[in-house]
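Coordinates as given in model27.cif (mmCIF, C-alpha atoms):
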data_protein
#
loop_
_atom_site.group_PDB
_atom_site.id
_atom_site.type_symbol
_atom_site.label_atom_id
_atom_site.label_comp_id
_atom_site.auth_asym_id
_atom_site.auth_seq_id
_atom_site.Cartn_x
_atom_site.Cartn_y
_atom_site.Cartn_z
ATOM 1 C CA MET A 63 25.419 -30.949 9.036
ATOM 2 C CA HIS A 64 25.878 -30.286 5.325
ATOM 3 C CA VAL A 65 27.224 -26.786 4.633
ATOM 4 C CA PHE A 66 26.283 -26.775 0.928
ATOM 5 C CA VAL A 67 22.662 -27.711 1.683
ATOM 6 C CA VAL A 68 22.513 -24.969 4.358
ATOM 7 C CA LEU A 69 23.930 -22.459 1.868
ATOM 8 C CA ALA A 70 21.708 -23.534 -1.046
ATOM 9 C CA VAL A 71 18.526 -23.385 1.061
ATOM 10 C CA PHE A 72 19.657 -20.104 2.651
ATOM 11 C CA ILE A 73 20.014 -18.435 -0.769
ATOM 12 C CA ALA A 74 16.833 -19.893 -2.255
ATOM 13 C CA ALA A 75 14.742 -19.229 0.868
ATOM 14 C CA SER A 76 16.147 -15.676 1.191
ATOM 15 C CA VAL A 77 14.688 -14.806 -2.215
ATOM 16 C CA GLU A 78 11.247 -16.069 -1.131
ATOM 17 C CA PHE A 79 11.441 -14.378 2.304
ATOM 18 C CA VAL A 80 12.458 -11.062 0.721
ATOM 19 C CA GLU A 81 9.402 -11.263 -1.566
ATOM 20 C CA ALA A 82 7.059 -12.100 1.341
ATOM 21 C CA PHE A 83 8.572 -9.445 3.596
ATOM 22 C CA THR A 84 8.359 -6.792 0.865
ATOM 23 C CA ILE A 85 4.620 -7.404 0.564
ATOM 24 C CA VAL A 86 4.023 -7.400 4.340
ATOM 25 C CA LEU A 87 6.101 -4.234 4.697
ATOM 26 C CA ALA A 88 4.209 -2.598 1.825
ATOM 27 C CA ALA A 89 0.785 -3.492 3.258
ATOM 28 C CA SER A 90 1.755 -2.415 6.782
ATOM 29 C CA SER A 91 3.282 0.881 5.620
ATOM 30 C CA VAL A 92 0.115 1.943 3.813
ATOM 31 C CA ARG A 93 -2.733 0.313 5.762
ATOM 32 C CA GLY A 94 -1.308 -0.131 9.284
ATOM 33 C CA TRP A 95 0.957 -2.755 10.779
ATOM 34 C CA ARG A 96 -1.627 -4.513 12.961
ATOM 35 C CA SER A 97 -3.753 -5.932 10.139
ATOM 36 C CA ALA A 98 -0.671 -6.902 8.120
ATOM 37 C CA LEU A 99 0.750 -8.644 11.193
ATOM 38 C CA TYR A 100 -2.522 -10.542 11.743
ATOM 39 C CA GLY A 101 -2.469 -11.598 8.086
ATOM 40 C CA THR A 102 1.146 -12.780 8.460
ATOM 41 C CA LEU A 103 0.393 -14.717 11.641
ATOM 42 C CA ALA A 104 -2.704 -16.323 10.095
ATOM 43 C CA ALA A 105 -0.620 -17.418 7.091
ATOM 44 C CA LEU A 106 2.097 -18.859 9.372
ATOM 45 C CA VAL A 107 -0.536 -20.826 11.321
ATOM 46 C CA ALA A 108 -2.010 -22.116 8.028
ATOM 47 C CA LEU A 109 1.492 -23.127 6.841
ATOM 48 C CA ALA A 110 2.237 -24.943 10.114
ATOM 49 C CA ALA A 111 -1.103 -26.764 9.860
ATOM 50 C CA LEU A 112 -0.339 -27.782 6.255
ATOM 51 C CA VAL A 113 3.089 -29.159 7.180
ATOM 52 C CA ILE A 114 1.737 -31.025 10.226
ATOM 53 C CA ALA A 115 -1.204 -32.432 8.255
ATOM 54 C CA PHE A 116 0.573 -33.447 5.050
ATOM 55 C CA GLY A 117 4.347 -33.581 5.666
ATOM 56 C CA TYR A 118 6.161 -34.738 2.523
ATOM 57 C CA ALA A 119 2.819 -35.444 0.787
ATOM 58 C CA ILE A 120 2.404 -31.672 0.368
ATOM 59 C CA LEU A 121 4.829 -31.863 -2.606
ATOM 60 C CA ALA A 122 2.426 -34.074 -4.541
ATOM 61 C CA LEU A 123 -0.875 -32.721 -3.244
ATOM 62 C CA PHE A 124 -0.513 -28.955 -3.592
ATOM 63 C CA PRO A 125 -1.326 -27.419 -7.014
ATOM 64 C CA LEU A 126 1.380 -24.734 -6.789
ATOM 65 C CA GLY A 127 0.754 -23.402 -10.310
ATOM 66 C CA ALA A 128 -2.961 -22.731 -9.768
ATOM 67 C CA PHE A 129 -2.235 -21.264 -6.339
ATOM 68 C CA ARG A 130 0.376 -18.882 -7.784
ATOM 69 C CA ALA A 131 -2.040 -17.793 -10.527
ATOM 70 C CA LEU A 132 -4.858 -17.102 -8.044
ATOM 71 C CA ILE A 133 -2.736 -15.094 -5.612
ATOM 72 C CA GLY A 134 -0.985 -13.326 -8.508
ATOM 73 C CA VAL A 135 -4.304 -12.122 -9.928
ATOM 74 C CA ILE A 136 -5.494 -10.924 -6.488
ATOM 75 C CA LEU A 137 -2.273 -8.943 -5.915
ATOM 76 C CA LEU A 138 -2.402 -7.605 -9.472
ATOM 77 C CA LEU A 139 -5.898 -6.216 -8.856
ATOM 78 C CA PHE A 140 -4.905 -4.660 -5.508
ATOM 79 C CA GLY A 141 -1.712 -3.206 -6.996
ATOM 80 C CA LEU A 142 -3.417 -1.640 -10.030
ATOM 81 C CA LYS A 143 -6.084 -0.095 -7.806
ATOM 82 C CA TRP A 144 -3.422 1.550 -5.601
ATOM 83 C CA MET A 145 -1.323 2.668 -8.588
ATOM 84 C CA ARG A 146 -4.338 4.258 -10.257
ATOM 85 C CA LYS A 147 -5.428 6.107 -7.115
ATOM 86 C CA ALA A 148 -1.889 7.321 -6.388
ATOM 87 C CA ILE A 149 -1.517 8.672 -9.959
ATOM 88 C CA LEU A 150 -4.905 10.420 -9.737
ATOM 89 C CA ARG A 151 -3.962 11.970 -6.378
ATOM 90 C CA ALA A 152 -0.488 13.025 -7.550
ATOM 91 C CA THR A 153 -2.022 14.818 -10.543
ATOM 92 C CA GLY A 154 -4.716 16.511 -8.464
ATOM 93 C CA ARG A 155 -7.613 14.589 -10.052
ATOM 94 C CA LYS A 156 -8.473 13.036 -6.724
ATOM 95 C CA ALA A 157 -8.303 14.793 -3.362
ATOM 96 C CA LEU A 158 -4.933 14.219 -1.705
ATOM 97 C CA HIS A 159 -6.417 14.519 1.767
ATOM 98 C CA ASP A 160 -9.938 14.652 3.054
ATOM 99 C CA GLU A 161 -9.286 16.005 6.556
ATOM 100 C CA ALA A 162 -12.851 15.459 7.801
ATOM 101 C CA ALA A 163 -12.904 11.875 6.579
ATOM 102 C CA ILE A 164 -9.454 11.234 8.055
ATOM 103 C CA TYR A 165 -10.609 12.680 11.403
ATOM 104 C CA GLN A 166 -13.733 10.513 11.426
ATOM 105 C CA ARG A 167 -11.718 7.458 10.525
ATOM 106 C CA GLU A 168 -9.176 8.136 13.262
ATOM 107 C CA VAL A 169 -11.904 8.669 15.870
ATOM 108 C CA GLN A 170 -13.633 5.458 14.821
ATOM 109 C CA SER A 171 -10.318 3.639 14.814
ATOM 110 C CA LEU A 172 -9.472 4.825 18.332
ATOM 111 C CA ARG A 173 -12.927 3.889 19.623
ATOM 112 C CA SER A 174 -12.652 0.363 18.315
ATOM 113 C CA ALA A 175 -8.926 -0.010 18.908
ATOM 114 C CA GLY A 176 -7.893 -3.639 19.047
ATOM 115 C CA GLN A 177 -11.000 -4.842 17.209
ATOM 116 C CA ASN A 178 -10.801 -3.484 13.661
ATOM 117 C CA VAL A 179 -8.873 -5.404 11.035
ATOM 118 C CA ASP A 180 -8.213 -3.865 7.620
ATOM 119 C CA ALA A 181 -9.360 -6.567 5.178
ATOM 120 C CA LEU A 182 -7.099 -5.372 2.343
ATOM 121 C CA ALA A 183 -3.917 -5.325 4.448
ATOM 122 C CA PHE A 184 -4.822 -8.651 6.057
ATOM 123 C CA ALA A 185 -5.538 -10.346 2.706
ATOM 124 C CA THR A 186 -2.436 -8.901 1.022
ATOM 125 C CA ALA A 187 -0.094 -10.012 3.827
ATOM 126 C CA PHE A 188 -1.838 -13.385 4.202
ATOM 127 C CA ASN A 189 -1.648 -14.183 0.475
ATOM 128 C CA GLY A 190 1.982 -13.100 0.120
ATOM 129 C CA VAL A 191 3.222 -14.994 3.189
ATOM 130 C CA LEU A 192 1.174 -18.124 2.401
ATOM 131 C CA LEU A 193 2.444 -18.363 -1.185
ATOM 132 C CA GLU A 194 6.087 -17.643 -0.338
ATOM 133 C CA GLY A 195 5.893 -19.871 2.745
ATOM 134 C CA ILE A 196 4.699 -22.794 0.635
ATOM 135 C CA GLU A 197 7.546 -22.149 -1.800
ATOM 136 C CA VAL A 198 10.033 -22.221 1.114
ATOM 137 C CA ILE A 199 8.485 -25.509 2.312
ATOM 138 C CA PHE A 200 8.946 -26.914 -1.209
ATOM 139 C CA ILE A 201 12.598 -25.755 -1.230
ATOM 140 C CA VAL A 202 13.337 -27.249 2.208
ATOM 141 C CA LEU A 203 11.622 -30.564 1.455
ATOM 142 C CA THR A 204 13.098 -31.013 -2.025
ATOM 143 C CA LEU A 205 16.683 -29.847 -1.333
ATOM 144 C CA GLY A 206 16.844 -31.246 2.209
ATOM 145 C CA GLY A 207 14.920 -34.395 1.407
ATOM 146 C CA ASN A 208 16.883 -35.263 -1.740
ATOM 147 C CA ALA A 209 20.201 -34.803 0.036
ATOM 148 C CA GLY A 210 18.941 -36.630 3.126
ATOM 149 C CA MET A 211 19.790 -33.542 5.170
ATOM 150 C CA LEU A 212 16.490 -32.110 6.313
ATOM 151 C CA ASP A 213 18.035 -30.567 9.470
ATOM 152 C CA SER A 214 20.588 -28.646 7.340
ATOM 153 C CA ALA A 215 17.808 -27.420 5.021
ATOM 154 C CA ILE A 216 15.702 -26.236 7.977
ATOM 155 C CA LEU A 217 18.753 -24.447 9.427
ATOM 156 C CA GLY A 218 19.376 -22.692 6.079
ATOM 157 C CA ALA A 219 15.747 -21.546 5.875
ATOM 158 C CA GLY A 220 15.795 -20.418 9.533
ATOM 159 C CA LEU A 221 18.960 -18.345 8.986
ATOM 160 C CA ALA A 222 17.444 -16.775 5.865
ATOM 161 C CA PHE A 223 14.307 -15.847 7.829
ATOM 162 C CA VAL A 224 16.324 -14.168 10.624
ATOM 163 C CA VAL A 225 18.554 -12.221 8.197
ATOM 164 C CA VAL A 226 15.634 -10.982 6.059
ATOM 165 C CA LEU A 227 13.560 -10.104 9.152
ATOM 166 C CA ALA A 228 16.445 -8.048 10.609
ATOM 167 C CA ALA A 229 17.002 -6.218 7.296
ATOM 168 C CA GLY A 230 13.256 -5.555 6.980
ATOM 169 C CA LEU A 231 12.956 -4.126 10.489
ATOM 170 C CA LEU A 232 15.850 -1.747 9.745
ATOM 171 C CA LEU A 233 13.993 -0.571 6.607
ATOM 172 C CA ARG A 234 10.767 0.204 8.498
ATOM 173 C CA ALA A 235 11.970 3.473 10.039
ATOM 174 C CA PRO A 236 13.150 5.174 6.803
ATOM 175 C CA LEU A 237 9.949 4.041 5.053
ATOM 176 C CA SER A 238 7.781 5.799 7.657
ATOM 177 C CA ARG A 239 9.268 9.164 6.569
ATOM 178 C CA VAL A 240 8.160 8.798 2.936
ATOM 179 C CA PRO A 241 5.038 10.906 2.074
ATOM 180 C CA GLU A 242 1.807 8.878 2.145
ATOM 181 C CA ASN A 243 0.863 9.136 -1.542
ATOM 182 C CA THR A 244 4.424 8.391 -2.708
ATOM 183 C CA LEU A 245 4.368 5.302 -0.523
ATOM 184 C CA LYS A 246 1.055 4.207 -2.041
ATOM 185 C CA TRP A 247 2.467 4.819 -5.512
ATOM 186 C CA ILE A 248 5.512 2.637 -4.740
ATOM 187 C CA VAL A 249 3.411 -0.074 -3.067
ATOM 188 C CA GLY A 250 1.037 -0.081 -6.054
ATOM 189 C CA VAL A 251 3.965 -0.574 -8.432
ATOM 190 C CA MET A 252 5.449 -3.376 -6.323
ATOM 191 C CA LEU A 253 2.195 -5.293 -5.822
ATOM 192 C CA THR A 254 1.389 -4.998 -9.537
ATOM 193 C CA ALA A 255 4.863 -6.322 -10.399
ATOM 194 C CA PHE A 256 4.651 -9.234 -7.932
ATOM 195 C CA GLY A 257 1.092 -9.979 -9.072
ATOM 196 C CA THR A 258 2.110 -10.010 -12.756
ATOM 197 C CA PHE A 259 5.064 -12.295 -12.013
ATOM 198 C CA TRP A 260 3.107 -14.822 -9.950
ATOM 199 C CA ALA A 261 0.054 -14.824 -12.206
ATOM 200 C CA GLY A 262 2.375 -15.345 -15.195
ATOM 201 C CA GLU A 263 4.297 -18.124 -13.453
ATOM 202 C CA GLY A 264 1.028 -19.773 -12.440
ATOM 203 C CA ILE A 265 -0.330 -19.903 -15.996
ATOM 204 C CA GLY A 266 2.899 -21.310 -17.427
ATOM 205 C CA ILE A 267 4.975 -18.297 -18.509
ATOM 206 C CA HIS A 268 8.721 -18.966 -18.267
ATOM 207 C CA TRP A 269 10.124 -15.658 -17.060
ATOM 208 C CA TRP A 270 13.548 -14.483 -18.139
ATOM 209 C CA GLN A 271 16.052 -15.326 -15.343
ATOM 210 C CA GLN A 272 13.115 -16.371 -13.104
ATOM 211 C CA ASP A 273 12.787 -14.155 -9.957
ATOM 212 C CA VAL A 274 15.116 -11.497 -11.442
ATOM 213 C CA SER A 275 12.176 -10.627 -13.704
ATOM 214 C CA ILE A 276 10.372 -9.181 -10.661
ATOM 215 C CA ILE A 277 12.966 -6.377 -10.519
ATOM 216 C CA VAL A 278 12.565 -5.785 -14.275
ATOM 217 C CA LEU A 279 8.772 -5.649 -13.838
ATOM 218 C CA ILE A 280 9.094 -3.183 -10.924
ATOM 219 C CA VAL A 281 11.263 -0.914 -13.121
ATOM 220 C CA LEU A 282 8.862 -1.222 -16.093
ATOM 221 C CA TYR A 283 5.742 -0.485 -13.998
ATOM 222 C CA ALA A 284 7.492 2.454 -12.286
ATOM 223 C CA LEU A 285 8.413 3.836 -15.716
ATOM 224 C CA LEU A 286 4.860 3.315 -16.947
ATOM 225 C CA GLY A 287 3.533 5.039 -13.820
ATOM 226 C CA PHE A 288 5.786 8.066 -14.398
ATOM 227 C CA LEU A 289 4.758 8.277 -18.060
ATOM 228 C CA LEU A 290 1.051 8.005 -17.254
ATOM 229 C CA GLN A 291 1.429 10.600 -14.513
ATOM 230 C CA ARG A 292 3.097 13.027 -16.907
ATOM 231 C CA TRP A 293 0.376 12.347 -19.474
ATOM 232 C CA MET A 294 -2.305 13.066 -16.885
ATOM 233 C CA GLN A 295 -0.572 16.330 -15.940
ATOM 234 C CA PRO A 296 1.439 17.483 -18.981
ATOM 235 C CA GLN A 297 2.332 20.929 -17.636
ATOM 236 C CA SER A 298 3.961 19.497 -14.504
ATOM 237 C CA ALA A 299 7.408 17.916 -14.478
ATOM 238 C CA GLN A 300 6.980 16.554 -10.945
ATOM 239 C CA GLY A 301 7.506 12.952 -9.859
ATOM 240 C CA PRO A 302 5.049 11.099 -7.643
ATOM 241 C CA ALA A 303 3.882 13.322 -4.760
ATOM 242 C CA MET B 281 -17.061 -10.166 5.818
ATOM 243 C CA ARG B 282 -18.663 -6.826 5.075
ATOM 244 C CA LYS B 283 -15.253 -5.243 4.491
ATOM 245 C CA VAL B 284 -14.282 -7.956 2.015
ATOM 246 C CA TRP B 285 -17.528 -7.358 0.137
ATOM 247 C CA ASP B 286 -16.893 -3.588 0.147
ATOM 248 C CA VAL B 287 -13.466 -4.144 -1.403
ATOM 249 C CA ILE B 288 -14.985 -6.308 -4.193
ATOM 250 C CA VAL B 289 -17.740 -3.765 -4.917
ATOM 251 C CA ASP B 290 -15.191 -0.952 -4.862
ATOM 252 C CA LEU B 291 -12.946 -2.775 -7.329
ATOM 253 C CA VAL B 292 -15.739 -3.447 -9.812
ATOM 254 C CA TYR B 293 -17.674 -0.235 -9.443
ATOM 255 C CA GLU B 294 -14.821 2.241 -9.459
ATOM 256 C CA ASP B 295 -13.462 1.248 -12.825
ATOM 257 C CA ALA B 296 -14.217 -1.862 -14.839
ATOM 258 C CA TRP B 297 -10.983 -1.580 -16.856
ATOM 259 C CA GLN B 298 -8.696 -2.034 -13.883
ATOM 260 C CA PHE B 299 -10.697 -5.088 -12.805
ATOM 261 C CA VAL B 300 -11.666 -6.808 -16.047
ATOM 262 C CA GLY B 301 -8.491 -5.875 -17.976
ATOM 263 C CA PRO B 302 -5.999 -7.929 -15.895
ATOM 264 C CA LEU B 303 -8.427 -10.882 -15.705
ATOM 265 C CA VAL B 304 -8.798 -10.934 -19.504
ATOM 266 C CA ALA B 305 -5.020 -10.490 -19.899
ATOM 267 C CA VAL B 306 -4.264 -13.477 -17.646
ATOM 268 C CA ALA B 307 -6.931 -15.599 -19.383
ATOM 269 C CA VAL B 308 -5.550 -14.766 -22.876
ATOM 270 C CA LEU B 309 -1.982 -15.479 -21.768
ATOM 271 C CA TYR B 310 -3.064 -18.759 -20.177
ATOM 272 C CA PHE B 311 -4.307 -20.038 -23.549
ATOM 273 C CA LEU B 312 -1.233 -18.657 -25.357
ATOM 274 C CA ALA B 313 1.116 -20.307 -22.845
ATOM 275 C CA GLN B 314 -0.447 -23.705 -23.594
ATOM 276 C CA SER B 315 0.788 -23.636 -27.186
ATOM 277 C CA VAL B 316 3.833 -21.341 -27.258
ATOM 278 C CA ARG B 317 6.784 -20.739 -24.955
ATOM 279 C CA GLY B 318 9.151 -17.878 -24.406
ATOM 280 C CA ALA B 319 9.944 -14.964 -22.148
ATOM 281 C CA TRP B 320 8.123 -12.654 -24.613
ATOM 282 C CA LEU B 321 4.823 -13.899 -23.152
ATOM 283 C CA GLY B 322 5.772 -12.017 -19.980
ATOM 284 C CA ILE B 323 6.210 -8.834 -22.000
ATOM 285 C CA VAL B 324 2.749 -9.364 -23.528
ATOM 286 C CA LEU B 325 1.244 -9.814 -20.037
ATOM 287 C CA PHE B 326 2.952 -6.613 -18.847
ATOM 288 C CA ALA B 327 1.711 -4.767 -21.948
ATOM 289 C CA LEU B 328 -1.896 -5.909 -21.451
ATOM 290 C CA VAL B 329 -1.874 -4.990 -17.745
ATOM 291 C CA GLY B 330 -0.311 -1.630 -18.646
ATOM 292 C CA LEU B 331 -3.009 -1.111 -21.275
ATOM 293 C CA SER B 332 -5.685 -1.790 -18.633
ATOM 294 C CA LEU B 333 -4.170 0.879 -16.385
ATOM 295 C CA PHE B 334 -3.950 3.324 -19.291
ATOM 296 C CA MET B 335 -7.591 2.719 -20.267
ATOM 297 C CA SER B 336 -8.808 3.162 -16.688
ATOM 298 C CA LEU B 337 -6.914 6.482 -16.413
ATOM 299 C CA ARG B 338 -8.020 7.628 -19.882
ATOM 300 C CA ARG B 339 -11.547 8.105 -18.581
ATOM 301 C CA GLU B 340 -10.239 10.634 -16.039
ATOM 302 C CA HIS B 341 -8.035 12.482 -18.543
#
Let me see whether you can do it: turn the structure in this file into structure tokens.
Amino acid sequence: MHVFVVLAVFIAASVEFVEAFTIVLAASSVRGWRSALYGTLAALVALAALVIAFGYAILALFPLGAFRALIGVILLLFGLKWMRKAILRATGRKALHDEAAIYQREVQSLRSAGQNVDALAFATAFNGVLLEGIEVIFIVLTLGGNAGMLDSAILGAGLAFVVVLAAGLLLRAPLSRVPENTLKWIVGVMLTAFGTFWAGEGIGIHWWQQDVSIIVLIVLYALLGFLLQRWMQPQSAQGPA
Amino acid sequence: MRKVWDVIVDLVYEDAWQFVGPLVAVAVLYFLAQSVRGAWLGIVLFALVGLSLFMSLRREH
């Protein structure tokens, strides 16, 4: 057992797991946990199949840059759509609640309980987990493989997964108390930020301080969202509602 | 499959700016990133995506 390899993989994998978990949590908070969970499980099965099929060859075979760009663009489009709708709702330009539609949707959902899968939540969770999972596989294989300590690298990644999962589950309860449109506003900002980062990384942009740029992008998009919301409703000084 | 199609139609139909804008932004930055380097490219990408959001909201203003 090599403590430094465990620690290095733990730190690197934690960053990737936090990103994946943030996206799954965001999708499940807004669109329902079941579809996001299915998307996560499908991505984990795909990752396991990739590792079993290719092993170390995955490092040479997988076009990580193109994959990042594709998933980044998809998340960027989803994120912008949610941000736009949340801003329109917060400024009263789109109905905040359509009770009749919500009732119909709930009735339909109850009737087909266990069968319906929300495509958006599924795709968002699947894409996020698949991309981050592949990055974790790259970290484990390169750090563990180069040091000849694959078992230590796997242990580091496993510990990171458990720690991030526990922290994420603790965050679920407070998130459920946030008003629906505010949650959509936040999720829109986060998906747009992640999408911008990954799309940029995929096309060859070298971000300042690498993953730290995601936090900067979240702050910038949140600021932009506030400004656009104020512009859409100049007489109101309210934040996202 | 139908739901996936609905999402695509919804994205394109609802507002072209929020769909086409980011795609054009990523394409432009891809060509820029082939010849120049620097963290400022990230700022340009953010600015173009932000502009797309602004333009899509402008129609509703």
Discussion item. As JSON, numbers by chain, could you give me every residue of chain B near chain A (at most 9 Å apart, counting all atoms listed in the file)?
Written reply: {"B": [281, 283, 284, 287, 291, 298, 299, 302, 303, 306, 307, 309, 310, 311, 313, 314, 317, 318, 319, 320, 321, 322, 325, 326, 329, 330, 332, 333, 334, 336, 337, 338, 340, 341]}
Discussion item. Report as number ranges by chain all protein, DNA and RNA residues lying within 12 Å of Leu87 in chain A, evaluated on all atoms listed in the file, omitting residues in the same chain fewer than 2 positions from it.
Written reply: A: 79-85, 89-99, 101-102, 183-184, 186-187, 190-191, 226-227, 229-238, 245-246, 248-249, 252-253
Worksheet item: Can you list, as a PyMOL selection string, the residues that the PyMOL selection byres ((chain A and resi 212) around 12) selects here?
Response: chain A and resi 63-64+67-68+71+118+199-211+213-219
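Going from CA of Leu112 in chain A over to CA of Gly127 in chain A, you cover 17.2 Å.
CA of Val324 in chain B is found 27.7 Å from CA of Ala152 in chain A.
What separates CA of Ala111 in chain A from CA of Val65 in chain A is a distance of 28.8 Å.
Proximity of A:Leu121, A:Phe66, A:Thr153, A:Glu78 to Ile276 in chain A, computed with only C-alpha atoms, is greatest for A:Glu78.
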Once 3 Å is added on each side, what are the centre and the three edge lengths, in Å to one decimal, of the axis-aligned box enclosing the listed atoms of range 74-86 of chain A? Present them as lines of an AutoDock Vina configuration file.
center_x = 10.4
center_y = -13.3
center_z = 1.0
size_x = 18.8
size_y = 19.1
size_z = 12.6
